[in-house]
Amino acid sequence: MSENVGQLAIEQARKNGGKLEVISKVDVNNRKDLSIAYTPGVASVSSAVAEDVSLAYELTTKKNTVAVVSDGSAVLGLGNIGAEAAMPVMEGKAALFKRFADVDAVPIVLNTNDTEEIINIVKAISPTFGGVNLEDISAPRCFEIEQRLIKECDIPVFHDDQHGTAIVVLAAIFNSLKLIGKALADVKVVVSGGGSAGLSITRKLLAAGATDVTVVDKFGIINEKDAEKLEPHHLDIAKVTNREFKSGSLEDALEGADIFVGVSAPGALHAEWISKMAEKPVIFAMANPTPEIYPDEALEAGAYIVGTGRSDFPNQINNVLAFPGIFRGALDARAKTITVEMQVAAAKGIAALIPDSELSPTNIIPDAFQEGVAKVVAQSVRDAVKD
């Protein structure tokens, strides 16, 4: 991010006092309006919902409202900066929900990093909302928080840092495979990064049909044979990846690989390693703001397709392509959960937005502002719910 953009963001925030406001859908201009919007008329609405709780989806804002919840423990690349400092990001997320999918989102930051406390708070406020978007919660706590809330809430809960990025990566891979003439079941994929995004990307790839995925973290290739050294979430992923039980470094993992997916650290991928990959290597270097390797360097080293998380290069892997439409579809379908099948369907919907005739190494994924992205994703999700 340039200093100029950062300064503009501060000036915008100071001028507007944040990014959001509440606007009433009903007029309250006279005594009759007041009696309908509030007392005594509102008692009839409350009584109707008390008799049939499902009417909350028809008679309140629940049907179109999502909570964007963070504890401020993993905000962007800034780390654990606290609840108040997380608020601008949550406001921005809410603004994107509204802009791209007409979903009303409420930012909620929690002044606690305690897993049980977060779970209990979100459960307690869940009657207000039709869904919960978890955001910027550090690993490994984010895994338990999301899984517990999915089980214990009756509304969809979605940790976007994990799944939003994974859905868009999967869409980009679908289109990349068309260009390199290979099938997902036949390619070798290396995922650099054993955090929430890397593990979710891996699971989406496997769910979509990948058979050869290797995950590499800062200590090297994750190998089931090292079970006693692995954290529980890494042991789980080790059981379904690296079935050749390879050990070593990222360089070792890339030998013969078709696709590199980086959600790790700046400069993690050295240019000379790309020559060890298969023909027409695909590189997604998404560490932000500084990627594992810059696109021009990767292309010079032989990469055929390159994507990053940045907006100043082609093929931006931007999770705004996914989460607004995901929630739009889930809310419309009154879904209780956002399943892996729904997420893979969303990835296929995103990929289909680029016609085969327009696919090229620099055009594998829609632009964030391409018309109709959220509608297509929402329809894909709704269709998956029906199935």
# chains A, B, ... in the order shown; residues from 1 in each chain; ligands from 1
>>> residues_around(residues="A:Ala384", least_positions_apart="6", cutoff="12 Å", atoms="only C-alpha atoms", output="PyMOL selection string")
chain A and resi 326+329-330+333+335+337-349+377-378
>>> write_last_selection(atoms="N, CA and C atoms", output="PDB file, in the first residue's frame")
ATOM      1  N   ILE A 326     -21.343 -15.501  -1.635  1.00  0.00           N
ATOM      2  CA  ILE A 326     -21.534 -16.669  -0.768  1.00  0.00           C
ATOM      3  C   ILE A 326     -22.638 -16.397   0.243  1.00  0.00           C
ATOM      4  N   GLY A 329     -26.180 -15.880  -1.370  1.00  0.00           N
ATOM      5  CA  GLY A 329     -26.811 -17.153  -1.680  1.00  0.00           C
ATOM      6  C   GLY A 329     -27.269 -17.899  -0.446  1.00  0.00           C
ATOM      7  N   ALA A 330     -26.433 -17.905   0.592  1.00  0.00           N
ATOM      8  CA  ALA A 330     -26.782 -18.614   1.826  1.00  0.00           C
ATOM      9  C   ALA A 330     -27.983 -17.981   2.518  1.00  0.00           C
ATOM     10  N   ALA A 333     -31.164 -18.739   0.518  1.00  0.00           N
ATOM     11  CA  ALA A 333     -31.571 -20.143   0.631  1.00  0.00           C
ATOM     12  C   ALA A 333     -31.919 -20.531   2.065  1.00  0.00           C
ATOM     13  N   ALA A 335     -29.895 -21.099   4.386  1.00  0.00           N
ATOM     14  CA  ALA A 335     -28.992 -22.206   4.697  1.00  0.00           C
ATOM     15  C   ALA A 335     -28.563 -22.144   6.163  1.00  0.00           C
ATOM     16  N   THR A 337     -25.748 -23.887   7.141  1.00  0.00           N
ATOM     17  CA  THR A 337     -24.289 -23.922   7.068  1.00  0.00           C
ATOM     18  C   THR A 337     -23.848 -23.588   5.646  1.00  0.00           C
ATOM     19  N   ILE A 338     -22.572 -23.227   5.521  1.00  0.00           N
ATOM     20  CA  ILE A 338     -21.961 -23.025   4.205  1.00  0.00           C
ATOM     21  C   ILE A 338     -21.029 -24.210   3.989  1.00  0.00           C
ATOM     22  N   THR A 339     -21.490 -25.184   3.223  1.00  0.00           N
ATOM     23  CA  THR A 339     -20.778 -26.440   3.069  1.00  0.00           C
ATOM     24  C   THR A 339     -19.622 -26.331   2.080  1.00  0.00           C
ATOM     25  N   VAL A 340     -18.752 -27.331   2.104  1.00  0.00           N
ATOM     26  CA  VAL A 340     -17.660 -27.393   1.140  1.00  0.00           C
ATOM     27  C   VAL A 340     -18.216 -27.469  -0.277  1.00  0.00           C
ATOM     28  N   GLU A 341     -19.326 -28.209  -0.451  1.00  0.00           N
ATOM     29  CA  GLU A 341     -19.947 -28.323  -1.767  1.00  0.00           C
ATOM     30  C   GLU A 341     -20.408 -26.964  -2.277  1.00  0.00           C
ATOM     31  N   MET A 342     -20.948 -26.144  -1.399  1.00  0.00           N
ATOM     32  CA  MET A 342     -21.367 -24.794  -1.778  1.00  0.00           C
ATOM     33  C   MET A 342     -20.161 -23.952  -2.178  1.00  0.00           C
ATOM     34  N   GLN A 343     -19.058 -24.139  -1.473  1.00  0.00           N
ATOM     35  CA  GLN A 343     -17.850 -23.358  -1.761  1.00  0.00           C
ATOM     36  C   GLN A 343     -17.226 -23.764  -3.096  1.00  0.00           C
ATOM     37  N   VAL A 344     -17.189 -25.049  -3.384  1.00  0.00           N
ATOM     38  CA  VAL A 344     -16.657 -25.505  -4.670  1.00  0.00           C
ATOM     39  C   VAL A 344     -17.565 -25.015  -5.800  1.00  0.00           C
ATOM     40  N   ALA A 345     -18.882 -25.046  -5.561  1.00  0.00           N
ATOM     41  CA  ALA A 345     -19.825 -24.539  -6.565  1.00  0.00           C
ATOM     42  C   ALA A 345     -19.584 -23.056  -6.826  1.00  0.00           C
ATOM     43  N   ALA A 346     -19.309 -22.304  -5.765  1.00  0.00           N
ATOM     44  CA  ALA A 346     -19.019 -20.878  -5.921  1.00  0.00           C
ATOM     45  C   ALA A 346     -17.765 -20.675  -6.769  1.00  0.00           C
ATOM     46  N   ALA A 347     -16.730 -21.490  -6.534  1.00  0.00           N
ATOM     47  CA  ALA A 347     -15.489 -21.393  -7.314  1.00  0.00           C
ATOM     48  C   ALA A 347     -15.760 -21.664  -8.793  1.00  0.00           C
ATOM     49  N   LYS A 348     -16.587 -22.656  -9.069  1.00  0.00           N
ATOM     50  CA  LYS A 348     -16.923 -22.964 -10.463  1.00  0.00           C
ATOM     51  C   LYS A 348     -17.698 -21.805 -11.087  1.00  0.00           C
ATOM     52  N   GLY A 349     -18.572 -21.181 -10.311  1.00  0.00           N
ATOM     53  CA  GLY A 349     -19.320 -20.027 -10.816  1.00  0.00           C
ATOM     54  C   GLY A 349     -18.412 -18.862 -11.158  1.00  0.00           C
ATOM     55  N   VAL A 377     -22.236 -16.061  -8.155  1.00  0.00           N
ATOM     56  CA  VAL A 377     -21.811 -16.839  -6.993  1.00  0.00           C
ATOM     57  C   VAL A 377     -23.015 -17.214  -6.140  1.00  0.00           C
ATOM     58  N   ALA A 378     -23.909 -16.259  -5.912  1.00  0.00           N
ATOM     59  CA  ALA A 378     -25.098 -16.531  -5.098  1.00  0.00           C
ATOM     60  C   ALA A 378     -25.952 -17.623  -5.722  1.00  0.00           C
TER      61      ALA A 378
END
>>> select_by_dssp(residues="stretch 167-340 of chain A", states="alpha helix (DSSP H)", output="ChimeraX atom specification")
/A:167-180,196-208,232-238,250-253,295-300,323-332,340
>>> write_last_selection(atoms="C-alpha atoms", output="PDB file, in the first residue's frame")
ATOM      1  CA  ILE A 167     -12.594 -20.294  -3.215  1.00  0.00           C
ATOM      2  CA  VAL A 168     -11.010 -17.684  -5.489  1.00  0.00           C
ATOM      3  CA  VAL A 169      -7.753 -19.649  -5.731  1.00  0.00           C
ATOM      4  CA  LEU A 170      -9.751 -22.713  -6.751  1.00  0.00           C
ATOM      5  CA  ALA A 171     -11.571 -20.691  -9.424  1.00  0.00           C
ATOM      6  CA  ALA A 172      -8.239 -19.428 -10.763  1.00  0.00           C
ATOM      7  CA  ILE A 173      -6.862 -22.963 -10.823  1.00  0.00           C
ATOM      8  CA  PHE A 174      -9.901 -24.246 -12.735  1.00  0.00           C
ATOM      9  CA  ASN A 175      -9.209 -21.717 -15.488  1.00  0.00           C
ATOM     10  CA  SER A 176      -5.446 -22.165 -15.394  1.00  0.00           C
ATOM     11  CA  LEU A 177      -5.876 -25.894 -15.986  1.00  0.00           C
ATOM     12  CA  LYS A 178      -7.799 -25.165 -19.173  1.00  0.00           C
ATOM     13  CA  LEU A 179      -4.865 -23.117 -20.449  1.00  0.00           C
ATOM     14  CA  ILE A 180      -2.154 -25.627 -19.581  1.00  0.00           C
ATOM     15  CA  SER A 196      -5.641 -20.904   7.994  1.00  0.00           C
ATOM     16  CA  ALA A 197      -5.618 -19.884   4.322  1.00  0.00           C
ATOM     17  CA  GLY A 198      -3.156 -22.566   3.234  1.00  0.00           C
ATOM     18  CA  LEU A 199      -5.025 -25.372   4.957  1.00  0.00           C
ATOM     19  CA  SER A 200      -8.381 -24.230   3.588  1.00  0.00           C
ATOM     20  CA  ILE A 201      -6.976 -23.965   0.051  1.00  0.00           C
ATOM     21  CA  THR A 202      -5.643 -27.497   0.410  1.00  0.00           C
ATOM     22  CA  ARG A 203      -8.984 -28.885   1.576  1.00  0.00           C
ATOM     23  CA  LYS A 204     -10.866 -27.126  -1.250  1.00  0.00           C
ATOM     24  CA  LEU A 205      -8.444 -28.577  -3.801  1.00  0.00           C
ATOM     25  CA  LEU A 206      -8.954 -32.069  -2.420  1.00  0.00           C
ATOM     26  CA  ALA A 207     -12.733 -31.629  -2.328  1.00  0.00           C
ATOM     27  CA  ALA A 208     -12.675 -30.515  -5.976  1.00  0.00           C
ATOM     28  CA  PRO A 232      -3.209 -31.086  15.644  1.00  0.00           C
ATOM     29  CA  HIS A 233      -4.335 -29.023  12.628  1.00  0.00           C
ATOM     30  CA  HIS A 234      -1.146 -29.917  10.752  1.00  0.00           C
ATOM     31  CA  LEU A 235      -1.480 -33.595  11.640  1.00  0.00           C
ATOM     32  CA  ASP A 236      -5.024 -33.561  10.227  1.00  0.00           C
ATOM     33  CA  ILE A 237      -3.849 -32.118   6.916  1.00  0.00           C
ATOM     34  CA  ALA A 238      -0.806 -34.434   6.836  1.00  0.00           C
ATOM     35  CA  LEU A 250       9.929 -25.817  -0.382  1.00  0.00           C
ATOM     36  CA  GLU A 251      12.563 -26.199  -3.079  1.00  0.00           C
ATOM     37  CA  ASP A 252      12.350 -29.984  -2.703  1.00  0.00           C
ATOM     38  CA  ALA A 253       8.559 -29.928  -2.804  1.00  0.00           C
ATOM     39  CA  PRO A 295       5.196 -11.499 -11.248  1.00  0.00           C
ATOM     40  CA  ASP A 296       7.836 -10.073 -13.568  1.00  0.00           C
ATOM     41  CA  GLU A 297      10.538 -12.117 -11.841  1.00  0.00           C
ATOM     42  CA  ALA A 298       8.418 -15.280 -11.958  1.00  0.00           C
ATOM     43  CA  LEU A 299       7.616 -14.821 -15.642  1.00  0.00           C
ATOM     44  CA  GLU A 300      11.255 -14.231 -16.477  1.00  0.00           C
ATOM     45  CA  PHE A 323     -17.721 -13.711   0.229  1.00  0.00           C
ATOM     46  CA  PRO A 324     -20.501 -11.265  -0.789  1.00  0.00           C
ATOM     47  CA  GLY A 325     -22.095 -13.754  -3.161  1.00  0.00           C
ATOM     48  CA  ILE A 326     -21.534 -16.669  -0.768  1.00  0.00           C
ATOM     49  CA  PHE A 327     -23.559 -14.943   1.933  1.00  0.00           C
ATOM     50  CA  ARG A 328     -26.112 -13.597  -0.546  1.00  0.00           C
ATOM     51  CA  GLY A 329     -26.811 -17.153  -1.680  1.00  0.00           C
ATOM     52  CA  ALA A 330     -26.782 -18.614   1.826  1.00  0.00           C
ATOM     53  CA  LEU A 331     -29.165 -15.967   3.155  1.00  0.00           C
ATOM     54  CA  ASP A 332     -31.533 -16.361   0.202  1.00  0.00           C
ATOM     55  CA  VAL A 340     -17.660 -27.393   1.140  1.00  0.00           C
TER      56      VAL A 340
END
>>> closest_residue(among="A:Ala257, A:Leu353, A:Ala105, A:Ala265", to="A:Leu321", atoms="only C-alpha atoms")
A:Leu353
>>> closest_atom_pairs(of="stretch 254-363 of chain A", to="stretch 210-225 of chain A", cutoff="12 Å", atoms="only C-alpha atoms", output="JSON lines")
{"residue": "A:Leu254", "atom": "CA", "partner": "A:Thr214", "partner_atom": "CA", "distance": 9.1}
{"residue": "A:Glu255", "atom": "CA", "partner": "A:Thr214", "partner_atom": "CA", "distance": 11.3}
{"residue": "A:Gly256", "atom": "CA", "partner": "A:Asp212", "partner_atom": "CA", "distance": 11.6}
{"residue": "A:Ala257", "atom": "CA", "partner": "A:Val213", "partner_atom": "CA", "distance": 9.4}
{"residue": "A:Asp258", "atom": "CA", "partner": "A:Asp212", "partner_atom": "CA", "distance": 10.3}
{"residue": "A:Ile259", "atom": "CA", "partner": "A:Val213", "partner_atom": "CA", "distance": 9.5}
{"residue": "A:Phe260", "atom": "CA", "partner": "A:Thr214", "partner_atom": "CA", "distance": 9.9}
{"residue": "A:Val261", "atom": "CA", "partner": "A:Val215", "partner_atom": "CA", "distance": 9.5}
{"residue": "A:Gly262", "atom": "CA", "partner": "A:Val216", "partner_atom": "CA", "distance": 9.6}
{"residue": "A:Val263", "atom": "CA", "partner": "A:Asp217", "partner_atom": "CA", "distance": 9.8}
{"residue": "A:Ser264", "atom": "CA", "partner": "A:Asp217", "partner_atom": "CA", "distance": 7.8}
{"residue": "A:Ala265", "atom": "CA", "partner": "A:Lys218", "partner_atom": "CA", "distance": 9.1}
{"residue": "A:Ala268", "atom": "CA", "partner": "A:Lys218", "partner_atom": "CA", "distance": 9.4}
{"residue": "A:Leu269", "atom": "CA", "partner": "A:Val216", "partner_atom": "CA", "distance": 11.7}
>>> write_last_selection(atoms="C-alpha atoms", output="mmCIF file, in the first residue's frame")
data_model
loop_
_atom_site.group_PDB
_atom_site.id
_atom_site.type_symbol
_atom_site.label_atom_id
_atom_site.label_comp_id
_atom_site.auth_asym_id
_atom_site.auth_seq_id
_atom_site.Cartn_x
_atom_site.Cartn_y
_atom_site.Cartn_z
ATOM 1 C CA LEU A 254 8.534 -27.966 -6.071
ATOM 2 C CA GLU A 255 10.410 -30.664 -8.008
ATOM 3 C CA GLY A 256 8.032 -31.535 -10.882
ATOM 4 C CA ALA A 257 5.138 -29.516 -9.456
ATOM 5 C CA ASP A 258 2.560 -27.987 -11.799
ATOM 6 C CA ILE A 259 1.101 -25.356 -9.477
ATOM 7 C CA PHE A 260 2.545 -23.267 -6.642
ATOM 8 C CA VAL A 261 0.109 -21.592 -4.254
ATOM 9 C CA GLY A 262 1.744 -19.180 -1.832
ATOM 10 C CA VAL A 263 0.050 -17.822 1.271
ATOM 11 C CA SER A 264 3.206 -17.579 3.294
ATOM 12 C CA ALA A 265 5.930 -14.933 3.382
ATOM 13 C CA ALA A 268 9.637 -17.359 -0.040
ATOM 14 C CA LEU A 269 9.808 -18.556 -3.670
#
>>> atom_distance(atom1="atom CA of A:Asn288", atom2="atom CA of A:Gly309")
6.2 Å
>>> closest_residue(among="A:Ile121, A:Ile36, A:Val385, A:Val68", to="A:Gly92", atoms="only C-alpha atoms")
A:Val68
>>> decode(residues="stretch 29-41 of chain A", atoms="C-alpha atoms", output="mmCIF file, in the first residue's frame")
data_model
loop_
_atom_site.group_PDB
_atom_site.id
_atom_site.type_symbol
_atom_site.label_atom_id
_atom_site.label_comp_id
_atom_site.auth_asym_id
_atom_site.auth_seq_id
_atom_site.Cartn_x
_atom_site.Cartn_y
_atom_site.Cartn_z
ATOM 1 C CA ASN A 29 -42.511 11.577 10.850
ATOM 2 C CA ASN A 30 -45.693 11.719 12.917
ATOM 3 C CA ARG A 31 -47.567 10.041 15.766
ATOM 4 C CA LYS A 32 -49.095 7.386 13.515
ATOM 5 C CA ASP A 33 -45.676 6.460 12.100
ATOM 6 C CA LEU A 34 -44.360 6.251 15.658
ATOM 7 C CA SER A 35 -47.190 4.012 16.788
ATOM 8 C CA ILE A 36 -46.563 1.601 13.899
ATOM 9 C CA ALA A 37 -42.769 1.563 13.988
ATOM 10 C CA TYR A 38 -42.594 1.385 17.752
ATOM 11 C CA THR A 39 -45.169 1.173 20.505
ATOM 12 C CA PRO A 40 -47.899 -0.006 20.534
ATOM 13 C CA GLY A 41 -47.782 -1.554 17.032
#
